[in-house]
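A.B. asks: Take a look at query_7.txt, compact mmCIF, C-alpha atoms and all ligand atoms:
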```txt
# COMPACT_ATOMS: atom_id res chain seq x y z
CA ASP F 23 18.89 9.67 22.45
CA TRP F 24 17.73 7.32 19.79
CA SER F 25 20.20 4.73 18.67
CA LEU F 26 19.10 2.39 15.96
CA LYS F 27 20.95 -0.70 17.12
CA ASN F 28 19.89 -0.22 20.73
CA PHE F 29 16.30 0.24 19.71
CA ILE F 30 16.32 -3.01 17.75
CA LYS F 31 18.04 -4.93 20.53
CA GLU F 32 15.69 -3.62 23.20
CA LYS F 33 12.59 -4.29 21.14
CA MET F 34 13.70 -7.81 20.33
CA ASN F 35 14.24 -8.52 24.03
CA GLU F 36 10.91 -6.99 24.89
CA ILE F 37 9.14 -9.07 22.27
CA LYS F 38 10.86 -12.28 23.38
CA ALA F 39 9.97 -11.63 27.01
CA LYS F 40 6.38 -10.80 26.22
CA VAL F 41 5.70 -13.62 23.79
CA GLY F 42 7.58 -16.41 25.51
CA ASP F 43 6.80 -19.61 23.64
CA LYS F 44 3.46 -18.37 22.31
CA GLN F 45 2.42 -17.53 18.76
CA VAL F 46 2.01 -14.18 17.05
CA ILE F 47 0.06 -13.32 13.90
CA LEU F 48 0.50 -10.23 11.76
CA GLY F 49 -1.39 -8.82 8.79
CA LEU F 50 1.21 -8.12 6.14
CA SER F 51 0.21 -5.56 3.51
CA GLY F 52 3.45 -5.01 1.64
CA GLY F 53 3.58 -1.47 3.02
CA VAL F 54 6.63 -0.22 4.89
CA ASP F 55 5.19 -0.33 8.41
CA SER F 56 3.88 -3.86 8.50
CA SER F 57 6.98 -5.07 6.64
CA VAL F 58 9.28 -3.60 9.25
CA VAL F 59 7.23 -5.04 12.10
CA ALA F 60 7.37 -8.46 10.45
CA ALA F 61 11.15 -8.17 10.16
CA LEU F 62 11.60 -7.02 13.74
CA ILE F 63 9.38 -9.66 15.30
CA GLY F 64 10.73 -12.26 12.89
CA ARG F 65 14.29 -11.60 14.05
CA ALA F 66 13.13 -11.94 17.65
CA ILE F 67 10.99 -15.06 17.54
CA GLY F 68 11.34 -16.61 14.07
CA LYS F 69 8.71 -19.21 13.25
CA GLN F 70 6.55 -18.26 16.22
CA LEU F 71 5.45 -15.45 13.91
CA THR F 72 2.96 -16.12 11.15
CA CYS F 73 2.23 -13.36 8.67
CA ILE F 74 -1.13 -13.31 6.99
CA PHE F 75 -0.76 -11.68 3.60
CA VAL F 76 -4.08 -10.86 1.97
CA ASP F 77 -3.67 -10.43 -1.77
CA THR F 78 -6.61 -8.14 -2.53
CA GLY F 79 -6.02 -8.11 -6.27
CA LEU F 80 -5.64 -4.35 -5.80
CA LEU F 81 -1.87 -4.35 -5.25
CA ARG F 82 0.90 -3.20 -7.55
CA LEU F 83 2.12 -5.46 -10.34
CA ASN F 84 3.93 -8.54 -8.94
CA GLU F 85 3.77 -7.13 -5.44
CA ASP F 86 2.60 -10.47 -4.08
CA ILE F 87 5.70 -12.20 -5.45
CA GLU F 88 8.03 -9.46 -4.25
CA VAL F 89 6.64 -9.51 -0.74
CA MET F 90 6.96 -13.28 -0.49
CA ASN F 91 10.52 -13.21 -1.85
CA ALA F 92 11.70 -10.42 0.41
CA TYR F 93 11.13 -12.64 3.43
CA LYS F 94 11.93 -16.03 2.00
CA ASP F 95 15.62 -15.28 1.70
CA ASN F 96 16.23 -13.16 4.77
CA PHE F 97 13.79 -14.22 7.44
CA ASP F 98 12.82 -17.46 9.08
CA ILE F 99 9.12 -16.74 9.56
CA ASN F 100 5.87 -18.26 8.31
CA ILE F 101 4.00 -16.34 5.65
CA LYS F 102 0.64 -17.47 4.43
CA LYS F 103 -0.78 -15.79 1.36
CA TYR F 104 -4.52 -15.64 0.79
CA ASP F 105 -5.54 -14.97 -2.80
CA ALA F 106 -8.68 -13.00 -2.23
CA GLY F 107 -8.80 -10.90 -5.41
CA ASN F 108 -11.98 -12.46 -6.70
CA ILE F 109 -13.80 -11.80 -3.43
CA PHE F 110 -12.82 -8.14 -3.59
CA PHE F 111 -13.81 -7.74 -7.24
CA GLU F 112 -17.16 -9.36 -6.51
CA LYS F 113 -17.85 -6.93 -3.66
CA LEU F 114 -16.79 -3.97 -5.81
CA LYS F 115 -19.19 -4.83 -8.62
CA GLY F 116 -21.42 -1.87 -9.47
CA LEU F 117 -19.85 0.46 -6.89
CA LYS F 118 -18.80 3.88 -8.15
CA ASP F 119 -18.70 6.18 -5.16
CA PRO F 120 -15.20 6.44 -3.65
CA GLU F 121 -16.36 6.17 -0.03
CA ASP F 122 -18.62 3.23 -0.84
CA LYS F 123 -15.66 1.52 -2.46
CA ARG F 124 -13.44 2.25 0.57
CA LYS F 125 -16.03 0.82 2.92
CA ALA F 126 -16.51 -2.27 0.80
CA ILE F 127 -12.76 -2.87 0.53
CA GLY F 128 -12.20 -2.25 4.25
CA LYS F 129 -14.98 -4.60 5.24
CA CYS F 130 -13.87 -7.24 2.78
CA PHE F 131 -10.32 -6.98 4.07
CA ILE F 132 -11.42 -7.53 7.65
CA ASP F 133 -13.66 -10.46 6.65
CA VAL F 134 -10.85 -12.18 4.78
CA PHE F 135 -8.37 -11.45 7.55
CA VAL F 136 -10.73 -12.77 10.24
CA ASP F 137 -11.34 -15.92 8.24
CA ALA F 138 -7.61 -16.37 7.87
CA ALA F 139 -6.95 -15.58 11.53
CA ARG F 140 -9.36 -18.34 12.57
CA ASP F 141 -6.76 -20.77 11.30
CA TYR F 142 -4.44 -19.39 13.98
CA LYS F 143 -6.82 -19.27 16.90
CA ASN F 144 -4.13 -20.63 19.14
CA ALA F 145 -2.10 -17.46 18.63
CA ASP F 146 -2.14 -15.13 21.63
CA PHE F 147 -0.81 -12.01 19.99
CA LEU F 148 -1.68 -9.82 17.04
CA ALA F 149 1.11 -7.56 15.84
CA GLN F 150 0.37 -4.29 14.05
CA GLY F 151 2.44 -1.72 12.19
CA THR F 152 1.01 1.24 14.04
CA ILE F 153 3.41 4.19 13.94
CA TYR F 154 3.48 7.45 15.88
CA PRO F 155 1.55 9.58 13.36
CA ASP F 156 -1.26 6.94 13.45
CA VAL F 157 -1.38 7.20 17.22
CA ILE F 158 -1.69 10.97 17.08
CA GLU F 159 -4.23 10.89 14.28
CA SER F 160 -6.57 8.53 16.08
CA SER F 161 -6.37 10.42 19.36
CA SER F 162 -6.84 13.84 17.83
CA SER F 163 -10.19 15.49 18.37
CA SER F 164 -10.39 16.47 14.73
CA LYS F 165 -11.72 13.47 12.89
CA ALA F 166 -11.88 15.42 9.63
CA ALA F 167 -9.19 13.40 7.91
CA LYS F 168 -10.97 10.20 8.84
CA VAL F 169 -14.33 11.34 7.61
CA ILE F 170 -12.87 12.47 4.33
CA LYS F 171 -11.03 9.23 3.70
CA SER F 172 -11.70 6.20 5.81
CA HIS F 173 -8.55 4.13 6.26
CA HIS F 174 -8.51 0.46 6.90
CA ASN F 175 -6.59 -1.03 9.74
CA VAL F 176 -7.43 -4.33 11.29
CA GLY F 177 -9.79 -3.19 14.01
CA GLY F 178 -13.08 -4.52 15.24
CA LEU F 179 -12.26 -8.19 15.43
CA PRO F 180 -15.16 -10.40 16.57
CA ASP F 181 -15.42 -11.34 20.25
CA ASP F 182 -14.42 -14.96 19.81
CA LEU F 183 -11.22 -13.86 18.15
CA GLN F 184 -9.31 -11.71 20.55
CA PHE F 185 -5.59 -11.16 20.71
CA GLU F 186 -3.26 -9.11 22.78
CA LEU F 187 -1.76 -6.37 20.62
CA ILE F 188 1.94 -5.97 19.92
CA GLU F 189 2.87 -2.64 18.36
CA PRO F 190 6.66 -2.40 18.50
CA ILE F 191 7.03 0.70 16.31
CA ARG F 192 4.24 2.83 17.72
CA ASN F 193 6.70 5.45 19.00
CA LEU F 194 8.56 5.84 15.73
CA PHE F 195 8.29 8.33 12.93
CA LYS F 196 8.33 7.16 9.35
CA ASP F 197 12.00 7.89 8.71
CA GLU F 198 12.96 5.95 11.84
CA VAL F 199 10.79 3.04 10.72
CA ARG F 200 12.69 3.06 7.42
CA GLN F 201 16.06 3.03 9.16
CA VAL F 202 15.01 0.08 11.30
CA GLY F 203 13.85 -1.79 8.20
CA LEU F 204 17.14 -1.24 6.37
CA GLU F 205 19.16 -2.22 9.43
CA LEU F 206 17.17 -5.45 9.67
CA GLY F 207 18.01 -6.30 6.07
CA LEU F 208 14.84 -5.54 4.18
CA PRO F 209 15.57 -4.62 0.55
CA LYS F 210 15.93 -0.89 -0.07
CA HIS F 211 13.26 -0.81 -2.76
CA MET F 212 10.72 -2.06 -0.22
CA ILE F 213 11.70 0.51 2.35
CA ASP F 214 11.95 3.66 0.24
CA ARG F 215 8.53 3.19 -1.31
CA HIS F 216 6.03 5.94 -1.76
CA PRO F 217 2.90 5.64 0.35
CA PHE F 218 0.28 3.32 -1.10
CA PRO F 219 -3.31 3.75 0.05
CA GLY F 220 -4.95 0.90 1.97
CA PRO F 221 -7.68 0.45 -0.67
CA GLY F 222 -4.93 0.27 -3.30
CA LEU F 223 -5.92 0.27 -6.95
CA GLY F 224 -9.53 0.17 -5.79
CA ILE F 225 -9.46 3.96 -5.61
CA ARG F 226 -7.15 4.41 -8.59
CA VAL F 227 -9.46 2.70 -11.02
CA ILE F 228 -11.97 5.53 -11.11
CA GLU F 229 -15.61 4.51 -10.63
CA GLU F 230 -16.33 0.81 -11.09
CA VAL F 231 -13.40 -1.51 -10.41
CA THR F 232 -12.92 -4.67 -12.40
CA LYS F 233 -10.10 -7.18 -12.54
CA GLU F 234 -9.44 -6.32 -16.19
CA LYS F 235 -9.07 -2.63 -15.40
CA CYS F 236 -6.76 -3.38 -12.49
CA LEU F 237 -4.53 -5.48 -14.74
CA ILE F 238 -4.26 -2.58 -17.21
CA LEU F 239 -3.54 -0.08 -14.46
CA GLN F 240 -0.89 -2.31 -12.87
CA LYS F 241 1.03 -2.35 -16.15
CA VAL F 242 0.80 1.41 -16.59
CA ASP F 243 1.87 2.04 -13.00
CA GLU F 244 4.80 -0.35 -13.31
CA ILE F 245 6.13 1.53 -16.36
CA PHE F 246 5.75 4.96 -14.75
CA ILE F 247 7.37 3.93 -11.46
CA ARG F 248 10.19 1.97 -13.11
CA ARG F 249 11.02 4.91 -15.35
CA LEU F 250 10.99 7.31 -12.41
CA ARG F 251 13.47 5.04 -10.66
CA GLU F 252 15.65 4.61 -13.75
CA GLU F 253 15.95 8.34 -14.30
CA GLY F 254 16.59 9.14 -10.65
CA PHE F 255 13.31 10.94 -10.00
CA TYR F 256 11.68 8.40 -7.70
CA GLU F 257 13.48 9.44 -4.55
CA LYS F 258 12.99 13.11 -5.28
CA VAL F 259 9.21 12.94 -5.45
CA SER F 260 6.89 12.19 -2.54
CA GLN F 261 4.33 10.08 -4.31
CA ALA F 262 3.68 9.07 -7.90
CA PHE F 263 1.07 6.81 -9.43
CA ALA F 264 -1.34 6.24 -12.29
CA THR F 265 -5.12 6.23 -12.43
CA LEU F 266 -7.46 4.65 -14.94
CA LEU F 267 -10.29 6.92 -16.02
CA PRO F 268 -13.75 5.61 -16.89
CA VAL F 269 -13.41 7.27 -20.28
CA LYS F 270 -12.68 5.87 -23.72
CA THR F 271 -11.28 8.06 -26.46
CA VAL F 272 -10.54 7.62 -30.13
CA GLY F 273 -6.97 7.21 -31.33
CA VAL F 274 -4.95 5.89 -34.27
CA MET F 275 -2.45 3.06 -34.15
CA GLY F 276 -0.81 2.29 -37.50
CA ASP F 277 -3.67 2.17 -39.96
CA ASN F 278 -6.28 1.43 -37.36
CA ARG F 279 -8.69 3.48 -35.36
CA THR F 280 -8.57 2.64 -31.68
CA TYR F 281 -11.13 3.29 -28.97
CA ASP F 282 -9.47 2.73 -25.62
CA TRP F 283 -9.08 3.92 -22.04
CA VAL F 284 -7.43 7.10 -20.79
CA VAL F 285 -4.94 6.97 -17.92
CA GLY F 286 -3.79 9.81 -15.70
CA LEU F 287 -0.29 10.12 -14.30
CA ARG F 288 0.29 12.06 -11.09
CA SER F 289 3.44 12.93 -9.21
CA VAL F 290 3.50 15.22 -6.20
CA ASN F 291 5.94 16.81 -3.82
CA THR F 292 4.86 17.36 -0.26
CA ILE F 293 6.15 17.47 3.29
CA ASP F 294 3.07 16.31 5.18
CA PHE F 295 0.62 15.14 2.49
CA MET F 296 -1.85 17.78 3.70
CA THR F 297 -0.77 20.15 0.96
CA ALA F 298 1.13 19.19 -2.18
CA THR F 299 2.28 20.49 -5.52
CA SER F 300 2.59 18.58 -8.75
CA THR F 301 6.13 17.66 -9.73
CA HIS F 302 7.58 19.56 -12.68
CA LEU F 303 8.78 16.44 -14.43
CA PRO F 304 10.72 17.19 -17.61
CA TRP F 305 8.59 17.16 -20.72
CA GLU F 306 11.00 14.81 -22.51
CA PHE F 307 10.71 12.32 -19.68
CA LEU F 308 6.91 12.42 -19.71
CA ASP F 309 6.92 12.12 -23.51
CA SER F 310 8.99 9.02 -23.37
CA VAL F 311 6.94 7.44 -20.55
CA VAL F 312 3.71 8.10 -22.45
CA ASN F 313 5.19 6.45 -25.56
CA GLU F 314 6.16 3.37 -23.60
CA ILE F 315 2.72 3.13 -22.02
CA ILE F 316 0.82 3.46 -25.29
CA ASN F 317 3.13 1.03 -27.08
CA LYS F 318 3.13 -1.63 -24.41
CA VAL F 319 -0.19 -1.52 -22.62
CA GLU F 320 -3.09 -2.83 -24.59
CA GLY F 321 -6.34 -1.03 -23.85
CA VAL F 322 -4.83 2.41 -23.33
CA ASN F 323 -4.50 4.99 -26.10
CA ARG F 324 -4.25 8.29 -24.25
CA VAL F 325 -2.34 9.59 -21.24
CA VAL F 326 -2.79 12.83 -19.30
CA TYR F 327 -0.57 14.37 -16.61
CA ASP F 328 -2.28 15.92 -13.60
CA ILE F 329 -0.83 19.29 -12.58
CA THR F 330 -3.39 20.17 -9.90
CA SER F 331 -2.08 21.23 -6.47
CA LYS F 332 -3.55 20.11 -3.16
CA PRO F 333 -5.64 22.03 -2.33
CA PRO F 334 -7.83 22.33 -4.31
CA GLY F 335 -7.20 18.79 -5.58
CA THR F 336 -6.41 15.84 -3.34
CA ILE F 337 -3.43 13.64 -4.08
CA GLU F 338 -5.54 10.65 -5.06
CA TRP F 339 -8.31 11.13 -7.59
CA GLU F 340 -10.89 9.47 -5.39
P1 LIG D 401 -5.31 12.59 -0.42
O1 LIG D 401 -5.86 11.95 -1.65
O2 LIG D 401 -6.33 12.68 0.68
O3 LIG D 401 -4.17 11.62 0.12
O4 LIG D 401 -4.66 13.92 -0.68
C1 LIG D 401 -3.27 11.92 1.14
C2 LIG D 401 -2.42 10.68 1.38
O5 LIG D 401 -3.24 9.64 1.93
C3 LIG D 401 -3.25 8.51 1.08
N1 LIG D 401 -4.61 7.98 1.07
C4 LIG D 401 -5.00 6.89 1.73
N2 LIG D 401 -4.31 6.02 2.49
N3 LIG D 401 -6.29 4.79 2.83
C5 LIG D 401 -4.96 4.97 3.04
O6 LIG D 401 -4.36 4.15 3.73
C6 LIG D 401 -7.04 5.62 2.08
O7 LIG D 401 -8.24 5.43 1.92
C7 LIG D 401 -6.35 6.73 1.50
N4 LIG D 401 -6.75 7.74 0.72
C8 LIG D 401 -5.66 8.50 0.45
C9 LIG D 401 -2.82 9.03 -0.28
O8 LIG D 401 -2.25 7.99 -1.08
C10 LIG D 401 -1.83 10.10 0.10
O9 LIG D 401 -0.57 9.55 0.41
```
If you convert what's in this file into structure tokens, what do you get?
Ligand code: XMP
C.D. replies:
Amino acid sequence: DWSLKNFIKEKMNEIKAKVGDKQVILGLSGGVDSSVVAALIGRAIGKQLTCIFVDTGLLRLNEDIEVMNAYKDNFDINIKKYDAGNIFFEKLKGLKDPEDKRKAIGKCFIDVFVDAARDYKNADFLAQGTIYPDVIESSSSSKAAKVIKSHHNVGGLPDDLQFELIEPIRNLFKDEVRQVGLELGLPKHMIDRHPFPGPGLGIRVIEEVTKEKCLILQKVDEIFIRRLREEGFYEKVSQAFATLLPVKTVGVMGDNRTYDWVVGLRSVNTIDFMTATSTHLPWEFLDSVVNEIINKVEGVNRVVYDITSKPPGTIEWE
């Protein structure tokens, strides 16, 4: 039987025994899984753990600051942030196809991570936030999900850069991972987060991704998510987000004609993310969110709400 406190104690002992006085590195993404692993290993071995946090420029608004702060106060570990946004935007230039963008982002991520990891060549261990569903997915004979959407995990490191893997939560389901995170003192808002795709805003800015478009989308997303939290909807929906369409439309603002971008809002309910239905958010709520977006975010003058189920739609737009 699974007891939270026992699990944590056992894992910490295991990690201490395995690592000894050696060093561990970990790629921190801001997602739940890698955050919980950082917390768990951090509690066990403190400063022997160094987290490499790659800021891709494709994260949520202020996510870099929030991630850094979450650990600064509660954990005695090293975190090194690499501001790689410009590298990612450069590689994304001219790319429109979703799978091309995923590949470019995945490759770029590995390149930046490898470069960063070279600074810690003396580390013996690489920790990863692999969880049980990942284990099943990668061992399953059906690779369909992978072909449809390639995910990026840190795999395929070059030969001169080899580490022994530590995967302390590879037997846990997502809800158990969350419990461990809370027990270890990670802030609730980091733990209860909706899933965020590895390629981040790179697949939510539809077609070509630019820094400017990402900045617009971050602001829109922040408003939508904050309002969902404020009105108590966030925990009731499985995943919500905004997309920026490659479409400009005409609008009026005061006495002026505007010609600005369209954004799409999407919120879904699902058990397993294989099928999903759009959330029936109250009209008044959507009205008020749309008003806030148009009033506050320069560059956007129209908002649409996506009511497509999965199937036939996917959850993401790309
Ligand atoms: P779709 O769009 O396929 O999404 O219905 C199902 C779930 O997977 C997430 N997703 C991704 N996660 N890398 C990821 O790590 C990806 O490339 C990717 N594409 C989709 C999506 O956010 C949803 O939770």
A.B. asks: One decimal, Å: what's the distance from atom CA of Val322 of chain F over to atom CA of Asn84 of chain F, could you say?
C.D. replies: 20.1 Å
A.B. asks: Emit as AutoDock Vina command-line options the padded axis-aligned box for all listed atoms of segment 304-322 of chain F, 6 Å per side, with centre and edge lengths in Å to one decimal.
C.D. replies:
```
--center_x 2.3 --center_y 7.2 --center_z -22.3 --size_x 29.3 --size_y 32.0 --size_z 21.5
```
A.B. asks: Would you compute the distance between atom CA of Phe246 of chain F and atom CA of Pro333 of chain F? Give it in Å to one decimal.
C.D. replies: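 Separation of atom CA of Phe246 of chain F and atom CA of Pro333 of chain F: 24.0 Å.
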A.B. asks: Atom CA of Met90 of chain F and atom CA of Lys44 of chain F are how many Å apart?
C.D. replies: 23.6 Å
A.B. asks: Considering only C-alpha atoms, return as number ranges by chain whatever protein or nucleic-acid residues lie within 7 Å of segment 68-70 of chain F, sequence-local ones (same chain, fewer than 4 positions apart) excluded.
C.D. replies: F: 44-46, 64, 98-100
A.B. asks: Using all atoms listed in the file, determine which residues fall within 10 Å of ligand LIG 401 (chain D), then list them as a PyMOL selection string.
C.D. replies: chain F and resi 53+120-121+123-125+127-128+167-168+170-175+216-222+224-226+260-263+290+292+294-298+331-340
A.B. asks: Looking at F:Lys33, F:Lys233, F:His302, F:Lys118, which one is nearest to Ser289 of chain F, with distances taken over only C-alpha atoms?
C.D. replies: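 Closest to Ser289 of chain F of all the choices is F:His302.
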A.B. asks: Measuring atom to atom with all atoms listed in the file, identify which of F:Val274, F:Ala145, F:Ile132, F:Leu194 is nearest to Val157 of chain F.
C.D. replies: F:Leu194
A.B. asks: As a list in words, please: the residues near segment 196-209 of chain F (cut-off 8 Å, all atoms listed in the file, same-chain neighbours under 4 positions excluded).
C.D. replies: Leu26, Ile30, Val54, Asp55, Ser57, Val58, Ala61, Leu62, Ala92, Asn96, Ile153, Ile191, Ile213 and Asp214 of chain F
A.B. asks: Within 10 Å of (6.1, 10.3, -20.5) in the file's own coordinates, which protein, DNA or RNA residues have an atom, counting only C-alpha atoms? List them as a VMD selection string.
C.D. replies: chain F and resid 245 to 246 249 to 250 287 303 to 316 325 to 327
